[in-house]
Amino acid sequence: MVNTLHTKQDIFNILSFIPDPEIPVVSIKEMGMLRDVVLTDKGCEVIITPTYTGCPAMGMIEDDIKRVLKENGVSSVNVKLVYAPAWTTDWMTTEAKEKMRKYGIAPPTSSACNKLTSFSKNNLIKCPRCNSTHTELISMFGSTACKALYKCDSCKEPFEYFKCH
Amino acid sequence: MKKQEAIYNYALRLGDNSLVLGHRLAELCSKGPILEEDLALTNMALDHIGRAQAFLNYAAQVEAKNKTADDLAYKRGERSFYNNLIMELPDKDFASTIARQLIVSTFEYFLYTELMKSKDETIAAISAKAVKEVRYHLAHSSDWTCRLGEGTDLSHEKMQRAFNDVWMFTDELFEMNEVDEVLIKEGIAIDLNSIKPLWFNHVKEVIEEATLKLPETGYMQTGGRKGIHTEYLGHILSEMQYLQRAYPTAQW
């Protein structure tokens, strides 16, 4: 009833501009956190998934979704948080990874990361500034749970790496 | 015991383990030995609290008494918490934190890897997310155990003492009761005996790589499954629950 003016695709398009609160150069859609939009007779349900279970940005994302849709004339919005299928960095688009690199964060490498191996010994991470592979892990945990701290031995700059997940 | 009651208890147990350890790790905020470790420990606290929220939400939903995850976290008394005792132990020094983290993250890694196959969809989904996070916790504690074990004489001695002290709390992780019995039959819970050798082998491997000695197995502590705790849990709860007890339904 409320959403006769908006198709599912319209709503997706509106939501695709919402930035990730922690990495504002990429959107929640590019990050793979926006999973689905379901139109019901009661309104519209937006399905999102957290990157990490304790991701503190989820509350903000939910508020952003409701606010942006309201501004565009969509009311009766319900935001649903789902855990399955578990979010993976594989869902990030190539464009998103490139935007992230330009922003100064080394994007996640391959998806073959679900192994029980020591983190520091098995990773070759490129510096997002100078592309050098002479980089060194400082800490597995950075300013947020999804990032690790590195330093580049070529350009001497510290940088963050978005861990593959 | 009915299936629904067993699922409630099982979700509560997983949630309590995450909540209490998450709280302990959060207490280390601003007390890390170096800035990077401060960030690491609090990031891990966040993973645990997020997981606790997911499991306690589910427990509240299964119980169907119109409660929320917050009600379960902030309004239950000590005797109604079912976490393992190791989660509530205080952090005496950085070595004690790392020893506990190695033991617990190895346990969680194998536990959640198996629980991903649970026939309960919610438990399987939360476990699939948890295992990705725990992998980093495990790499972190394994690396630190080796660094401190192979470090100076003092760091070696402190690391060894930390493992010796915590060892009596390891058996309890694998204790099972009626809840497990009901849920194993349903394909929802796992037989903890099946992951005990995997846990033991990994912990042993890391301890030996760190040039430390595997502690001797003697008396083992027990009680968490029955809600009987160490003296430390009461103090944790008095801090954690203070606000909701003093100002019920307060929000921010």
# chains A, B, ... in the order shown; residues from 1 in each chain; ligands from 1
$ select_by_dssp --residues "segment 10-165 of chain A" --states "alpha helix (DSSP H)" --output "VMD selection string"
chain A and resid 10 to 15 58 to 71 94 to 103
$ write_last_selection --atoms "N, CA, C and O atoms" --output "compact mmCIF listing (two decimals), in the first residue's frame"
# COMPACT_ATOMS: atom_id res chain seq x y z
N ASP A 10 13.92 0.38 -7.06
CA ASP A 10 13.99 1.79 -6.63
C ASP A 10 14.59 1.88 -5.24
O ASP A 10 15.46 2.70 -4.97
N ILE A 11 14.08 1.02 -4.36
CA ILE A 11 14.55 1.06 -2.97
C ILE A 11 16.03 0.68 -2.88
O ILE A 11 16.82 1.31 -2.20
N PHE A 12 16.39 -0.33 -3.64
CA PHE A 12 17.81 -0.74 -3.70
C PHE A 12 18.68 0.45 -4.15
O PHE A 12 19.72 0.70 -3.60
N ASN A 13 18.20 1.14 -5.17
CA ASN A 13 18.96 2.29 -5.69
C ASN A 13 19.12 3.38 -4.65
O ASN A 13 20.19 3.97 -4.52
N ILE A 14 18.04 3.63 -3.90
CA ILE A 14 18.10 4.67 -2.86
C ILE A 14 19.13 4.26 -1.79
O ILE A 14 19.98 5.04 -1.39
N LEU A 15 19.06 2.99 -1.40
CA LEU A 15 19.92 2.51 -0.32
C LEU A 15 21.38 2.38 -0.74
O LEU A 15 22.28 2.41 0.09
N MET A 58 26.26 -1.18 13.17
CA MET A 58 24.96 -1.68 12.73
C MET A 58 23.79 -0.77 13.12
O MET A 58 22.88 -0.55 12.34
N GLY A 59 23.84 -0.25 14.34
CA GLY A 59 22.77 0.63 14.81
C GLY A 59 22.68 1.88 13.94
O GLY A 59 21.59 2.31 13.55
N MET A 60 23.86 2.40 13.59
CA MET A 60 23.91 3.61 12.76
C MET A 60 23.39 3.31 11.35
O MET A 60 22.66 4.11 10.77
N ILE A 61 23.76 2.15 10.83
CA ILE A 61 23.31 1.77 9.48
C ILE A 61 21.78 1.64 9.45
O ILE A 61 21.12 2.11 8.54
N GLU A 62 21.24 1.02 10.50
CA GLU A 62 19.78 0.86 10.58
C GLU A 62 19.09 2.23 10.58
O GLU A 62 18.12 2.44 9.85
N ASP A 63 19.63 3.15 11.38
CA ASP A 63 19.06 4.50 11.43
C ASP A 63 19.16 5.19 10.07
O ASP A 63 18.22 5.85 9.63
N ASP A 64 20.32 5.04 9.41
CA ASP A 64 20.52 5.65 8.10
C ASP A 64 19.51 5.13 7.08
O ASP A 64 18.95 5.90 6.30
N ILE A 65 19.29 3.81 7.11
CA ILE A 65 18.35 3.19 6.16
C ILE A 65 16.95 3.78 6.36
O ILE A 65 16.30 4.22 5.40
N LYS A 66 16.51 3.84 7.61
CA LYS A 66 15.17 4.37 7.90
C LYS A 66 15.04 5.85 7.51
O LYS A 66 14.04 6.26 6.96
N ARG A 67 16.10 6.61 7.81
CA ARG A 67 16.06 8.04 7.52
C ARG A 67 16.03 8.30 6.01
O ARG A 67 15.18 9.04 5.51
N VAL A 68 16.93 7.62 5.28
CA VAL A 68 17.01 7.84 3.83
C VAL A 68 15.72 7.42 3.14
O VAL A 68 15.22 8.12 2.26
N LEU A 69 15.13 6.32 3.57
CA LEU A 69 13.89 5.86 2.93
C LEU A 69 12.74 6.82 3.24
O LEU A 69 11.91 7.09 2.38
N LYS A 70 12.73 7.32 4.47
CA LYS A 70 11.67 8.27 4.86
C LYS A 70 11.77 9.55 4.02
O LYS A 70 10.76 10.05 3.52
N GLU A 71 13.00 10.00 3.83
CA GLU A 71 13.21 11.20 3.00
C GLU A 71 12.72 11.00 1.58
O GLU A 71 12.37 11.93 0.88
N THR A 94 35.01 -5.36 -6.85
CA THR A 94 36.36 -4.96 -7.23
C THR A 94 36.50 -3.44 -7.12
O THR A 94 37.52 -2.92 -6.68
N GLU A 95 35.42 -2.72 -7.51
CA GLU A 95 35.43 -1.25 -7.44
C GLU A 95 35.58 -0.81 -5.98
O GLU A 95 36.33 0.11 -5.67
N ALA A 96 34.87 -1.49 -5.10
CA ALA A 96 34.93 -1.13 -3.68
C ALA A 96 36.35 -1.32 -3.15
O ALA A 96 36.88 -0.49 -2.41
N LYS A 97 36.98 -2.43 -3.57
CA LYS A 97 38.35 -2.70 -3.11
C LYS A 97 39.32 -1.62 -3.61
O LYS A 97 40.22 -1.20 -2.89
N GLU A 98 39.09 -1.16 -4.85
CA GLU A 98 39.96 -0.13 -5.42
C GLU A 98 39.74 1.21 -4.69
O GLU A 98 40.71 1.92 -4.37
N LYS A 99 38.49 1.52 -4.39
CA LYS A 99 38.19 2.76 -3.65
C LYS A 99 38.85 2.72 -2.27
O LYS A 99 39.37 3.71 -1.79
N MET A 100 38.80 1.56 -1.67
CA MET A 100 39.39 1.37 -0.35
C MET A 100 40.91 1.61 -0.41
O MET A 100 41.49 2.26 0.44
N ARG A 101 41.53 1.06 -1.46
CA ARG A 101 42.98 1.21 -1.61
C ARG A 101 43.36 2.68 -1.77
O ARG A 101 44.29 3.18 -1.15
N LYS A 102 42.57 3.39 -2.60
CA LYS A 102 42.85 4.82 -2.80
C LYS A 102 42.66 5.61 -1.51
O LYS A 102 43.27 6.65 -1.31
N TYR A 103 41.79 5.12 -0.67
CA TYR A 103 41.51 5.78 0.62
C TYR A 103 42.63 5.53 1.63
O TYR A 103 42.72 6.17 2.66
$ residues_around --residues "segment 152-158 of chain A" --least-positions-apart "6" --cutoff "9 Å" --atoms "only C-alpha atoms" --output "VMD selection string"
chain A and resid 126 to 127 129 to 130 132 to 136 138
$ write_last_selection --atoms "all heavy atoms" --output "mmCIF file, in the first residue's frame"
data_model
loop_
_atom_site.group_PDB
_atom_site.id
_atom_site.type_symbol
_atom_site.label_atom_id
_atom_site.label_comp_id
_atom_site.auth_asym_id
_atom_site.auth_seq_id
_atom_site.Cartn_x
_atom_site.Cartn_y
_atom_site.Cartn_z
ATOM 1 N N LYS A 126 50.163 -5.799 0.075
ATOM 2 C CA LYS A 126 50.745 -4.674 -0.671
ATOM 3 C C LYS A 126 50.428 -3.350 -0.008
ATOM 4 O O LYS A 126 49.298 -3.105 0.379
ATOM 5 C CB LYS A 126 50.144 -4.632 -2.085
ATOM 6 C CG LYS A 126 50.948 -5.351 -3.126
ATOM 7 C CD LYS A 126 50.374 -4.971 -4.485
ATOM 8 C CE LYS A 126 50.878 -5.909 -5.557
ATOM 9 N NZ LYS A 126 50.196 -5.663 -6.827
ATOM 10 N N CYS A 127 51.429 -2.473 0.044
ATOM 11 C CA CYS A 127 51.221 -1.134 0.594
ATOM 12 C C CYS A 127 50.225 -0.385 -0.313
ATOM 13 O O CYS A 127 50.416 -0.331 -1.526
ATOM 14 C CB CYS A 127 52.551 -0.378 0.655
ATOM 15 S SG CYS A 127 52.358 1.362 1.067
ATOM 16 N N ARG A 129 49.837 2.673 -0.711
ATOM 17 C CA ARG A 129 50.386 3.926 -1.241
ATOM 18 C C ARG A 129 51.416 3.700 -2.340
ATOM 19 O O ARG A 129 51.352 4.291 -3.398
ATOM 20 C CB ARG A 129 51.023 4.734 -0.109
ATOM 21 C CG ARG A 129 49.969 5.296 0.836
ATOM 22 C CD ARG A 129 50.579 6.214 1.868
ATOM 23 N NE ARG A 129 49.530 6.709 2.747
ATOM 24 C CZ ARG A 129 49.037 6.018 3.766
ATOM 25 N NH1 ARG A 129 49.484 4.810 4.041
ATOM 26 N NH2 ARG A 129 48.067 6.515 4.505
ATOM 27 N N CYS A 130 52.391 2.815 -2.064
ATOM 28 C CA CYS A 130 53.472 2.666 -3.038
ATOM 29 C C CYS A 130 53.502 1.288 -3.706
ATOM 30 O O CYS A 130 54.394 1.001 -4.496
ATOM 31 C CB CYS A 130 54.817 2.976 -2.372
ATOM 32 S SG CYS A 130 55.344 1.688 -1.224
ATOM 33 N N SER A 132 54.402 -1.484 -2.704
ATOM 34 C CA SER A 132 55.502 -2.367 -2.326
ATOM 35 C C SER A 132 54.973 -3.564 -1.548
ATOM 36 O O SER A 132 53.969 -3.473 -0.834
ATOM 37 C CB SER A 132 56.491 -1.587 -1.450
ATOM 38 O OG SER A 132 57.348 -2.490 -0.789
ATOM 39 N N THR A 133 55.646 -4.695 -1.701
ATOM 40 C CA THR A 133 55.247 -5.861 -0.909
ATOM 41 C C THR A 133 56.174 -6.046 0.295
ATOM 42 O O THR A 133 56.049 -7.009 1.041
ATOM 43 C CB THR A 133 55.256 -7.155 -1.757
ATOM 44 O OG1 THR A 133 56.489 -7.214 -2.447
ATOM 45 C CG2 THR A 133 54.090 -7.185 -2.719
ATOM 46 N N HIS A 134 57.095 -5.100 0.468
ATOM 47 C CA HIS A 134 57.949 -5.132 1.661
ATOM 48 C C HIS A 134 57.195 -4.508 2.832
ATOM 49 O O HIS A 134 57.442 -3.371 3.204
ATOM 50 C CB HIS A 134 59.274 -4.381 1.418
ATOM 51 C CG HIS A 134 60.145 -5.063 0.417
ATOM 52 N ND1 HIS A 134 60.849 -6.199 0.736
ATOM 53 C CD2 HIS A 134 60.374 -4.801 -0.884
ATOM 54 C CE1 HIS A 134 61.499 -6.602 -0.360
ATOM 55 N NE2 HIS A 134 61.221 -5.775 -1.344
ATOM 56 N N THR A 135 56.247 -5.257 3.340
ATOM 57 C CA THR A 135 55.419 -4.735 4.420
ATOM 58 C C THR A 135 55.518 -5.665 5.618
ATOM 59 O O THR A 135 55.881 -6.831 5.484
ATOM 60 C CB THR A 135 53.953 -4.626 3.983
ATOM 61 O OG1 THR A 135 53.490 -5.933 3.623
ATOM 62 C CG2 THR A 135 53.775 -3.664 2.824
ATOM 63 N N GLU A 136 55.181 -5.122 6.753
ATOM 64 C CA GLU A 136 55.347 -5.879 7.984
ATOM 65 C C GLU A 136 54.111 -5.720 8.866
ATOM 66 O O GLU A 136 53.591 -4.609 9.021
ATOM 67 C CB GLU A 136 56.548 -5.270 8.712
ATOM 68 C CG GLU A 136 57.365 -6.265 9.506
ATOM 69 C CD GLU A 136 58.548 -5.541 10.144
ATOM 70 O OE1 GLU A 136 59.302 -4.843 9.405
ATOM 71 O OE2 GLU A 136 58.699 -5.650 11.363
ATOM 72 N N ILE A 138 52.159 -5.159 12.134
ATOM 73 C CA ILE A 138 52.409 -4.589 13.462
ATOM 74 C C ILE A 138 51.462 -5.237 14.465
ATOM 75 O O ILE A 138 51.859 -5.660 15.532
ATOM 76 C CB ILE A 138 52.221 -3.052 13.471
ATOM 77 C CG1 ILE A 138 53.223 -2.385 12.529
ATOM 78 C CG2 ILE A 138 52.395 -2.511 14.892
ATOM 79 C CD1 ILE A 138 52.991 -0.897 12.367
#
$ atom_distance --atom1 "atom CA of Arg76 of chain B" --atom2 "atom CA of Leu89 of chain B"
19.4 Å
$ closest_atom_pairs --of "chain B" --to "chain A" --cutoff "8 Å" --atoms "only C-alpha atoms" --output "CSV"
residue,atom,partner,partner_atom,distance
B:Glu36,CA,A:Ser139,CA,6.1
B:Glu37,CA,A:Ser139,CA,7.6
B:Leu39,CA,A:Gly142,CA,6.4
B:Ala40,CA,A:Phe141,CA,4.8
B:Asn43,CA,A:Ala145,CA,5.3
B:Met44,CA,A:Ala145,CA,7.6
B:Leu46,CA,A:Gly54,CA,5.3
B:Asp47,CA,A:Gly54,CA,4.9
B:His48,CA,A:Gly54,CA,7.2
B:Ile49,CA,A:Gly54,CA,6.3
B:Gly50,CA,A:Gly54,CA,3.5
B:Arg51,CA,A:Thr53,CA,5.7
B:Ala54,CA,A:Thr53,CA,7.6
B:Ala125,CA,A:Ala84,CA,5.1
B:Ile126,CA,A:Tyr83,CA,6.2
B:Ala128,CA,A:Ala86,CA,6.3
B:Lys129,CA,A:Ala86,CA,5.5
B:Ala130,CA,A:Thr53,CA,7.5
B:Lys132,CA,A:His165,CA,6.4
B:Glu133,CA,A:Tyr52,CA,7.5
B:Arg135,CA,A:Leu116,CA,6.6
B:Tyr136,CA,A:Met140,CA,7.5
B:Ala139,CA,A:Ser118,CA,5.2
B:His140,CA,A:Met140,CA,7.0
B:Ser142,CA,A:Ser118,CA,7.7
B:Asp143,CA,A:Ser118,CA,7.2
$ write_last_selection --atoms "N, CA, C and O atoms" --output "mmCIF file, in the first residue's frame"
data_model
loop_
_atom_site.group_PDB
_atom_site.id
_atom_site.type_symbol
_atom_site.label_atom_id
_atom_site.label_comp_id
_atom_site.auth_asym_id
_atom_site.auth_seq_id
_atom_site.Cartn_x
_atom_site.Cartn_y
_atom_site.Cartn_z
ATOM 1 N N GLU B 36 48.996 -1.197 20.655
ATOM 2 C CA GLU B 36 48.453 -2.158 19.698
ATOM 3 C C GLU B 36 47.712 -3.294 20.410
ATOM 4 O O GLU B 36 46.697 -3.794 19.937
ATOM 5 N N GLU B 37 48.246 -3.697 21.565
ATOM 6 C CA GLU B 37 47.601 -4.769 22.321
ATOM 7 C C GLU B 37 46.319 -4.288 22.982
ATOM 8 O O GLU B 37 45.353 -5.035 23.136
ATOM 9 N N LEU B 39 44.315 -2.231 21.665
ATOM 10 C CA LEU B 39 43.336 -2.311 20.579
ATOM 11 C C LEU B 39 42.930 -3.751 20.324
ATOM 12 O O LEU B 39 41.755 -4.066 20.123
ATOM 13 N N ALA B 40 43.913 -4.647 20.318
ATOM 14 C CA ALA B 40 43.627 -6.059 20.025
ATOM 15 C C ALA B 40 42.679 -6.646 21.069
ATOM 16 O O ALA B 40 41.679 -7.277 20.734
ATOM 17 N N ASN B 43 39.225 -5.208 20.778
ATOM 18 C CA ASN B 43 38.559 -5.721 19.582
ATOM 19 C C ASN B 43 38.008 -7.109 19.835
ATOM 20 O O ASN B 43 36.904 -7.464 19.401
ATOM 21 N N MET B 44 38.787 -7.914 20.540
ATOM 22 C CA MET B 44 38.318 -9.268 20.858
ATOM 23 C C MET B 44 37.156 -9.212 21.845
ATOM 24 O O MET B 44 36.237 -10.023 21.775
ATOM 25 N N LEU B 46 34.925 -6.944 21.889
ATOM 26 C CA LEU B 46 33.778 -6.586 21.054
ATOM 27 C C LEU B 46 33.223 -7.806 20.318
ATOM 28 O O LEU B 46 32.001 -8.003 20.246
ATOM 29 N N ASP B 47 34.094 -8.635 19.787
ATOM 30 C CA ASP B 47 33.638 -9.870 19.125
ATOM 31 C C ASP B 47 32.837 -10.730 20.103
ATOM 32 O O ASP B 47 31.807 -11.297 19.746
ATOM 33 N N HIS B 48 33.344 -10.836 21.332
ATOM 34 C CA HIS B 48 32.654 -11.675 22.324
ATOM 35 C C HIS B 48 31.312 -11.087 22.741
ATOM 36 O O HIS B 48 30.329 -11.810 22.899
ATOM 37 N N ILE B 49 31.267 -9.777 22.907
ATOM 38 C CA ILE B 49 30.011 -9.150 23.334
ATOM 39 C C ILE B 49 28.973 -9.226 22.198
ATOM 40 O O ILE B 49 27.800 -9.470 22.440
ATOM 41 N N GLY B 50 29.433 -9.070 20.969
ATOM 42 C CA GLY B 50 28.534 -9.224 19.822
ATOM 43 C C GLY B 50 27.956 -10.626 19.759
ATOM 44 O O GLY B 50 26.762 -10.831 19.522
ATOM 45 N N ARG B 51 28.796 -11.602 19.999
ATOM 46 C CA ARG B 51 28.364 -13.003 19.973
ATOM 47 C C ARG B 51 27.406 -13.271 21.138
ATOM 48 O O ARG B 51 26.400 -13.963 20.979
ATOM 49 N N ALA B 54 24.015 -12.074 20.273
ATOM 50 C CA ALA B 54 23.327 -12.966 19.339
ATOM 51 C C ALA B 54 22.764 -14.191 20.064
ATOM 52 O O ALA B 54 21.604 -14.574 19.862
ATOM 53 N N ALA B 125 24.188 -20.555 12.292
ATOM 54 C CA ALA B 125 24.509 -19.266 11.666
ATOM 55 C C ALA B 125 25.443 -18.435 12.552
ATOM 56 O O ALA B 125 26.425 -17.864 12.064
ATOM 57 N N ILE B 126 25.142 -18.376 13.842
ATOM 58 C CA ILE B 126 26.006 -17.587 14.751
ATOM 59 C C ILE B 126 27.399 -18.240 14.804
ATOM 60 O O ILE B 126 28.417 -17.549 14.800
ATOM 61 N N ALA B 128 28.917 -19.948 12.475
ATOM 62 C CA ALA B 128 29.660 -19.699 11.236
ATOM 63 C C ALA B 128 30.323 -18.327 11.278
ATOM 64 O O ALA B 128 31.425 -18.133 10.761
ATOM 65 N N LYS B 129 29.653 -17.367 11.887
ATOM 66 C CA LYS B 129 30.256 -16.034 12.028
ATOM 67 C C LYS B 129 31.365 -16.062 13.086
ATOM 68 O O LYS B 129 32.432 -15.489 12.892
ATOM 69 N N ALA B 130 31.069 -16.741 14.192
ATOM 70 C CA ALA B 130 32.020 -16.792 15.309
ATOM 71 C C ALA B 130 33.353 -17.397 14.888
ATOM 72 O O ALA B 130 34.420 -16.900 15.242
ATOM 73 N N LYS B 132 34.932 -17.390 12.162
ATOM 74 C CA LYS B 132 35.787 -16.483 11.382
ATOM 75 C C LYS B 132 36.533 -15.528 12.306
ATOM 76 O O LYS B 132 37.661 -15.144 12.046
ATOM 77 N N GLU B 133 35.850 -15.110 13.363
ATOM 78 C CA GLU B 133 36.459 -14.166 14.302
ATOM 79 C C GLU B 133 37.469 -14.870 15.211
ATOM 80 O O GLU B 133 38.559 -14.365 15.470
ATOM 81 N N ARG B 135 39.244 -17.391 14.669
ATOM 82 C CA ARG B 135 40.469 -17.722 13.942
ATOM 83 C C ARG B 135 41.564 -16.675 14.204
ATOM 84 O O ARG B 135 42.721 -16.992 14.393
ATOM 85 N N TYR B 136 41.157 -15.412 14.224
ATOM 86 C CA TYR B 136 42.116 -14.338 14.505
ATOM 87 C C TYR B 136 42.531 -14.316 15.977
ATOM 88 O O TYR B 136 43.676 -14.028 16.302
ATOM 89 N N ALA B 139 45.083 -17.074 16.358
ATOM 90 C CA ALA B 139 46.396 -16.717 15.796
ATOM 91 C C ALA B 139 47.100 -15.731 16.733
ATOM 92 O O ALA B 139 48.304 -15.848 16.985
ATOM 93 N N HIS B 140 46.322 -14.808 17.290
ATOM 94 C CA HIS B 140 46.866 -13.802 18.204
ATOM 95 C C HIS B 140 47.464 -14.451 19.453
ATOM 96 O O HIS B 140 48.615 -14.195 19.819
ATOM 97 N N SER B 142 48.269 -17.616 19.945
ATOM 98 C CA SER B 142 49.348 -18.557 19.609
ATOM 99 C C SER B 142 50.657 -17.798 19.392
ATOM 100 O O SER B 142 51.710 -18.186 19.903
ATOM 101 N N ASP B 143 50.581 -16.687 18.641
ATOM 102 C CA ASP B 143 51.775 -15.885 18.386
ATOM 103 C C ASP B 143 52.377 -15.341 19.685
ATOM 104 O O ASP B 143 53.580 -15.400 19.897
#
$ residues_around --residues "segment 103-111 of chain B" --least-positions-apart "3" --cutoff "6 Å" --atoms "only C-alpha atoms" --output "MDAnalysis selection string"
chainID B and resid 100 114 131 134 138 199
$ closest_residue --among "B:Asn201, B:Asn57, B:Asn177, B:Asn17" --to "Leu214 of chain B" --atoms "only C-alpha atoms"
B:Asn201
$ residues_around --residues "Ile190 of chain B" --least-positions-apart "4" --cutoff "10 Å" --atoms "only C-alpha atoms" --output "compact mmCIF listing (two decimals) with N, CA and C atoms, in the first residue's frame"
# COMPACT_ATOMS: atom_id res chain seq x y z
N LEU B 111 34.94 -25.85 18.78
CA LEU B 111 33.51 -25.89 19.13
C LEU B 111 32.66 -25.29 18.01
N TYR B 112 33.00 -24.07 17.59
CA TYR B 112 32.15 -23.40 16.59
C TYR B 112 32.32 -24.01 15.20
N GLU B 114 32.48 -27.16 14.66
CA GLU B 114 31.52 -28.27 14.69
C GLU B 114 30.08 -27.76 14.73
N LEU B 115 29.84 -26.71 15.51
CA LEU B 115 28.46 -26.21 15.65
C LEU B 115 27.91 -25.56 14.37
N LYS B 117 27.61 -27.06 11.85
CA LYS B 117 26.79 -28.13 11.25
C LYS B 117 25.54 -28.43 12.08
N SER B 118 25.30 -27.65 13.13
CA SER B 118 24.15 -27.90 13.99
C SER B 118 22.85 -27.87 13.19
N MET B 176 29.66 -32.10 30.26
CA MET B 176 28.34 -32.11 29.63
C MET B 176 27.30 -32.54 30.67
N ASP B 180 23.12 -31.32 27.07
CA ASP B 180 23.89 -31.87 25.94
C ASP B 180 23.29 -33.18 25.46
N GLU B 181 22.91 -34.00 26.43
CA GLU B 181 22.35 -35.32 26.10
C GLU B 181 21.13 -35.20 25.18
N LEU B 183 20.25 -32.57 23.33
CA LEU B 183 20.53 -31.90 22.06
C LEU B 183 21.46 -32.67 21.13
N ILE B 184 22.31 -33.51 21.68
CA ILE B 184 23.18 -34.33 20.82
C ILE B 184 22.30 -35.28 19.99
N LYS B 185 21.28 -35.84 20.66
CA LYS B 185 20.34 -36.75 19.97
C LYS B 185 19.63 -36.06 18.81
N GLU B 186 19.39 -34.77 18.98
CA GLU B 186 18.67 -34.01 17.96
C GLU B 186 19.60 -33.47 16.86
N SER B 194 34.39 -35.20 21.54
CA SER B 194 34.95 -35.35 20.19
C SER B 194 35.96 -34.24 19.86
N ILE B 195 35.84 -33.09 20.52
CA ILE B 195 36.80 -32.02 20.21
C ILE B 195 37.93 -31.93 21.24
$ atom_distance --atom1 "atom CA of Glu160 of chain A" --atom2 "atom CA of Leu137 of chain A"
9.7 Å
$ residues_around --residues "segment 219-233 of chain B" --least-positions-apart "2" --cutoff "7 Å" --atoms "only C-alpha atoms" --output "list in words"
Glu78, Arg79, Ser80, Phe81, Tyr82, Asn83, Asn84, Leu85, Glu88, Leu89, Met168, Phe169, Asp171, Glu172, Thr217, His235, Ile236 and Leu237 of chain B
$ write_last_selection --atoms "C-alpha atoms" --output "tab-separated table (two decimals), in the first residue's frame"
chain	number	residue	atom	x	y	z
B	78	GLU	CA	25.15	-15.22	39.72
B	79	ARG	CA	23.63	-18.66	40.30
B	80	SER	CA	21.72	-18.40	37.01
B	81	PHE	CA	24.88	-17.85	34.95
B	82	TYR	CA	26.23	-20.97	33.24
B	83	ASN	CA	29.58	-19.84	31.88
B	84	ASN	CA	32.72	-21.89	32.42
B	85	LEU	CA	34.82	-20.74	35.37
B	88	GLU	CA	35.64	-15.19	34.93
B	89	LEU	CA	39.25	-15.51	36.15
B	168	MET	CA	42.90	-26.72	36.59
B	169	PHE	CA	40.13	-24.81	34.82
B	171	ASP	CA	38.61	-29.81	32.07
B	172	GLU	CA	35.40	-27.98	32.81
B	217	THR	CA	47.12	-32.57	35.13
B	235	HIS	CA	32.18	-8.87	41.42
B	236	ILE	CA	31.95	-8.88	37.62
B	237	LEU	CA	28.15	-8.81	37.77
$ residues_around --residues "Leu5 of chain A" --least-positions-apart "3" --cutoff "12 Å" --atoms "only C-alpha atoms" --output "PyMOL selection string"
chain A and resi 1-2+8-11+39+43+72-75
$ atom_distance --atom1 "atom CA of Phe162 of chain A" --atom2 "atom CA of His23 of chain B"
25.6 Å
$ closest_residue --among "B:Gln101, B:Thr145, B:Gln244, B:Ser30" --to "Thr42 of chain B" --atoms "only C-alpha atoms"
B:Ser30
$ select_by_dssp --residues "segment 31-155 of chain A" --states "strand (DSSP E)" --output "PyMOL selection string"
chain A and resi 34-40+43-48+77-81+105-106+135-139+147-152
